[in-house]
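The structure appears right after this line, and notes come after that.
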Amino acid sequence: MKTIYLMTLFLLGNSLAVHAQTNSRTEAFAQLPDWRGVWIAEGFEPGISGFAETLGTPDAKPHPLVDPQAPWSEEGRKGLAAMFGNQAARKAAGWGFPMMMKGPAPLQFLITPEETLIVNIYQEVRHIYTDGRAHPPEEDRWVTTWGDSIGRWEGDTLVIDTISVREPVRFFQMSPPLSDRAHYVERLRMTAPDYIEGELTIEDAVSLTKPWVVKTAYRRTPNMDRLVQDTFDNDRSEVEDGAFTIAPAAP
């Protein structure tokens, strides 16, 4: 009888612990904002080409991340001039970070208490760990094109700290000439049911003379309910008469 009694107490205690853990996780989810759906960066709503409609036209403005008025150092200005001078010959190798957060490629936010994923339609995924961990030591980091990101919630604002972005200047045609040592801090907050406002602060002792703040914003599109991530063989990185075009498929 004593053995049965002790076993009953053990099972009851284990059941209560699981119940408490489940309740705690349910409460944690309830505190998180609802960022479901598909989001597009404000000002970059794509036209039929898949790019913002003013891109490559006389009305086009400098992309905010390659703005000549940003606080570029001498090294940064050299990189900017090289990027503009060789833009037509460059092939997109993906969006990479930070360009994936400031372009027409649709985004999806998947939020849990421990981690937020930011996914774009080109199958690029950012993992933002919000479980209290720190960045791993440099020798242990898996250096990717979207870097190592940790985050925290300050009320309804997601604060993201990103380092170790591999070759941020290499990927898209208009990638900012930042170095691998750049440090990024983002703040994202939903200010209306279908609107997220953000701010990206970049520090880079190689390419910048001081911290650079770039405003971001995203609108939830009512016309899309999911991202369809599939392979495709059309190349939209060709430039014809100053505008992007779809290159014919290879024979």
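Ligands are numbered from 1 in the order shown, residues from 1 within each chain, and chains are lettered A, B, ... in the order they appear in the structure tokens.
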Practice item. Mind checking which residues fall within 9 Å of A:Trp146, counting only C-alpha atoms, ignoring those fewer than 6 positions away in the same chain, and posting them as a PyMOL selection string? Key: chain A and resi 96-98+100+124-127+162-166+168
Exercise for review: Please identify all polymer residues within 12 Å of A:Asn223, counting only C-alpha atoms, omitting same-chain residues fewer than 3 positions from it, and present them as an NGL selection string.
Suggested key: :A and (37-40 or 106 or 219-220 or 226-227)
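Counting only C-alpha atoms, stretch 110-118 of chain A has the following residues at most 8 Å away, ignoring those fewer than 4 positions along the same chain: Arg25, Ala28, Phe29, Leu32, Trp35, Arg36, Val125, Arg126, His127, Ile128, Tyr129, Thr130 and Asp131 of chain A.
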Selection file, C-alpha atoms, as a PDB file, in the first residue's frame:
```pdb
ATOM      1  CA  ARG A  25       3.270  28.709 -21.752  1.00  0.00           C
ATOM      2  CA  ALA A  28       3.262  33.586 -22.335  1.00  0.00           C
ATOM      3  CA  PHE A  29       1.643  33.197 -25.768  1.00  0.00           C
ATOM      4  CA  LEU A  32       2.574  38.233 -27.505  1.00  0.00           C
ATOM      5  CA  TRP A  35       1.581  39.566 -36.344  1.00  0.00           C
ATOM      6  CA  ARG A  36       0.043  36.838 -38.462  1.00  0.00           C
ATOM      7  CA  VAL A 125      14.871  32.771 -42.540  1.00  0.00           C
ATOM      8  CA  ARG A 126      15.991  34.885 -39.591  1.00  0.00           C
ATOM      9  CA  HIS A 127      15.984  33.216 -36.167  1.00  0.00           C
ATOM     10  CA  ILE A 128      15.570  35.716 -33.323  1.00  0.00           C
ATOM     11  CA  TYR A 129      15.986  33.962 -29.973  1.00  0.00           C
ATOM     12  CA  THR A 130      13.971  35.575 -27.175  1.00  0.00           C
ATOM     13  CA  ASP A 131      14.677  32.979 -24.462  1.00  0.00           C
TER      14      ASP A 131
END
```
Review point. In Å to one decimal, how far is atom CA of A:Ile150 from atom CA of A:Val119?
Key: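 It comes out at 15.8 Å.
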**Study point:** Nearest-residue call for A:Arg77, choices A:Gly132, A:Pro33, A:Pro176, A:Pro193, using only C-alpha atoms
**Key:**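 Of A:Gly132, A:Pro33, A:Pro176, A:Pro193, the one nearest A:Arg77, counting only C-alpha atoms, is A:Pro176.
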Point to revise | A:Lys102 surroundings by only C-alpha atoms, 12 Å radius, close-in-sequence under 2 positions cut, as an MDAnalysis selection string | key: chainID A and resid 39:45 51:52 63:66 95:100 104:107 120 172 174:176 198:200 214:218
Take the residues from that selection and put them in a file with N, CA, C and O atoms, as a short mmCIF file (atom, residue, chain, number, x, y, z; two decimals), in the first residue's frame.
```
data_model
loop_
_atom_site.label_atom_id
_atom_site.label_comp_id
_atom_site.auth_asym_id
_atom_site.auth_seq_id
_atom_site.Cartn_x
_atom_site.Cartn_y
_atom_site.Cartn_z
N TRP A 39 3.38 40.47 -44.83
CA TRP A 39 3.70 41.88 -44.68
C TRP A 39 4.64 42.33 -45.79
O TRP A 39 5.53 41.58 -46.21
N ILE A 40 4.45 43.57 -46.25
CA ILE A 40 5.32 44.16 -47.27
C ILE A 40 5.82 45.50 -46.75
O ILE A 40 5.05 46.29 -46.18
N ALA A 41 7.11 45.74 -46.93
CA ALA A 41 7.70 46.99 -46.47
C ALA A 41 7.02 48.17 -47.15
O ALA A 41 6.82 48.17 -48.36
N GLU A 42 6.68 49.17 -46.35
CA GLU A 42 6.00 50.35 -46.88
C GLU A 42 6.89 51.05 -47.91
O GLU A 42 8.08 51.24 -47.71
N GLY A 43 6.27 51.42 -49.03
CA GLY A 43 7.01 52.09 -50.09
C GLY A 43 7.63 51.15 -51.09
O GLY A 43 8.21 51.58 -52.10
N PHE A 44 7.54 49.84 -50.84
CA PHE A 44 8.15 48.86 -51.73
C PHE A 44 7.11 47.88 -52.27
O PHE A 44 7.45 46.77 -52.67
N GLU A 45 5.85 48.30 -52.30
CA GLU A 45 4.82 47.44 -52.85
C GLU A 45 5.19 47.13 -54.30
O GLU A 45 5.38 48.04 -55.11
N PHE A 51 9.37 44.14 -58.44
CA PHE A 51 10.10 45.21 -57.78
C PHE A 51 9.18 46.42 -57.64
O PHE A 51 8.16 46.53 -58.32
N ALA A 52 9.56 47.35 -56.74
CA ALA A 52 8.79 48.57 -56.58
C ALA A 52 8.63 49.26 -57.93
O ALA A 52 9.58 49.31 -58.73
N HIS A 63 17.58 53.98 -52.63
CA HIS A 63 17.11 53.05 -51.61
C HIS A 63 17.63 53.54 -50.26
O HIS A 63 18.78 53.95 -50.15
N PRO A 64 16.78 53.50 -49.22
CA PRO A 64 17.21 54.04 -47.91
C PRO A 64 18.50 53.41 -47.39
O PRO A 64 19.24 54.06 -46.64
N LEU A 65 18.80 52.17 -47.78
CA LEU A 65 20.01 51.53 -47.28
C LEU A 65 21.23 51.78 -48.15
O LEU A 65 22.33 51.32 -47.83
N VAL A 66 21.06 52.49 -49.25
CA VAL A 66 22.22 52.90 -50.06
C VAL A 66 22.16 54.40 -50.30
O VAL A 66 22.62 54.90 -51.33
N TRP A 95 18.49 38.11 -50.90
CA TRP A 95 18.35 39.44 -50.32
C TRP A 95 19.35 39.67 -49.20
O TRP A 95 19.97 40.71 -49.11
N GLY A 96 19.53 38.68 -48.34
CA GLY A 96 20.43 38.88 -47.22
C GLY A 96 19.89 39.93 -46.26
O GLY A 96 18.85 40.54 -46.47
N PHE A 97 20.60 40.13 -45.16
CA PHE A 97 20.25 41.15 -44.18
C PHE A 97 21.27 42.28 -44.30
O PHE A 97 22.45 42.01 -44.50
N PRO A 98 20.87 43.55 -44.23
CA PRO A 98 19.54 44.03 -43.83
C PRO A 98 18.55 44.22 -44.98
O PRO A 98 17.42 44.61 -44.75
N MET A 99 18.95 43.93 -46.25
CA MET A 99 18.07 44.24 -47.38
C MET A 99 16.74 43.52 -47.31
O MET A 99 15.72 44.04 -47.75
N MET A 100 16.70 42.30 -46.74
CA MET A 100 15.45 41.57 -46.70
C MET A 100 14.39 42.27 -45.85
O MET A 100 13.20 42.00 -45.99
N PRO A 104 10.83 44.82 -51.44
CA PRO A 104 9.49 44.36 -51.81
C PRO A 104 9.22 42.90 -51.53
O PRO A 104 8.08 42.46 -51.69
N ALA A 105 10.24 42.11 -51.16
CA ALA A 105 10.00 40.69 -50.90
C ALA A 105 9.09 40.54 -49.68
O ALA A 105 9.43 41.00 -48.59
N PRO A 106 7.91 39.90 -49.82
CA PRO A 106 6.98 39.76 -48.69
C PRO A 106 7.61 39.00 -47.52
O PRO A 106 8.46 38.12 -47.70
N LEU A 107 7.17 39.36 -46.31
CA LEU A 107 7.68 38.77 -45.08
C LEU A 107 6.56 38.12 -44.28
O LEU A 107 5.40 38.50 -44.39
N ASN A 120 11.16 35.28 -45.57
CA ASN A 120 10.72 35.96 -46.79
C ASN A 120 10.41 34.94 -47.88
O ASN A 120 10.63 33.74 -47.72
N PHE A 172 22.31 41.43 -52.71
CA PHE A 172 21.43 42.04 -53.69
C PHE A 172 22.19 43.09 -54.49
O PHE A 172 23.27 43.54 -54.09
N MET A 174 21.76 46.19 -54.85
CA MET A 174 21.95 47.48 -54.20
C MET A 174 22.23 47.30 -52.71
O MET A 174 21.75 48.04 -51.88
N SER A 175 23.00 46.31 -52.36
CA SER A 175 23.30 46.06 -50.95
C SER A 175 24.17 47.18 -50.40
O SER A 175 25.09 47.66 -51.07
N PRO A 176 23.93 47.61 -49.16
CA PRO A 176 24.74 48.68 -48.57
C PRO A 176 26.17 48.19 -48.33
O PRO A 176 26.38 47.04 -47.95
N GLY A 198 9.04 50.41 -37.44
CA GLY A 198 10.33 49.92 -37.00
C GLY A 198 11.42 50.96 -37.12
O GLY A 198 11.25 52.03 -37.74
N GLU A 199 12.53 50.63 -36.52
CA GLU A 199 13.71 51.49 -36.56
C GLU A 199 14.93 50.58 -36.53
O GLU A 199 15.02 49.68 -35.70
N LEU A 200 15.84 50.80 -37.46
CA LEU A 200 17.06 50.01 -37.54
C LEU A 200 18.26 50.93 -37.32
O LEU A 200 18.45 51.89 -38.06
N VAL A 214 17.79 54.03 -39.65
CA VAL A 214 16.93 53.88 -40.82
C VAL A 214 15.53 53.50 -40.35
O VAL A 214 15.37 52.55 -39.58
N LYS A 215 14.53 54.26 -40.77
CA LYS A 215 13.15 53.96 -40.41
C LYS A 215 12.61 52.83 -41.28
O LYS A 215 12.90 52.76 -42.48
N THR A 216 11.83 51.96 -40.68
CA THR A 216 11.18 50.88 -41.42
C THR A 216 9.70 50.85 -41.05
O THR A 216 9.30 51.35 -40.00
N ALA A 217 8.90 50.28 -41.92
CA ALA A 217 7.46 50.11 -41.65
C ALA A 217 6.94 49.01 -42.58
O ALA A 217 7.45 48.81 -43.69
N TYR A 218 5.93 48.31 -42.11
CA TYR A 218 5.38 47.18 -42.85
C TYR A 218 3.86 47.21 -42.78
O TYR A 218 3.28 47.50 -41.74
#
```
Review point. Using the chain letters and numbers from this document, which residues of stretch 21-239 of chain A does DSSP assign to helix (DSSP H, G or I), as JSON, numbers by chain?
Key: {"A": [21, 22, 23, 24, 25, 26, 27, 28, 29, 30, 64, 65, 66, 74, 75, 76, 77, 78, 79, 80, 81, 82, 83, 84, 85, 87, 88, 89, 99, 100, 101, 138, 139, 140]}
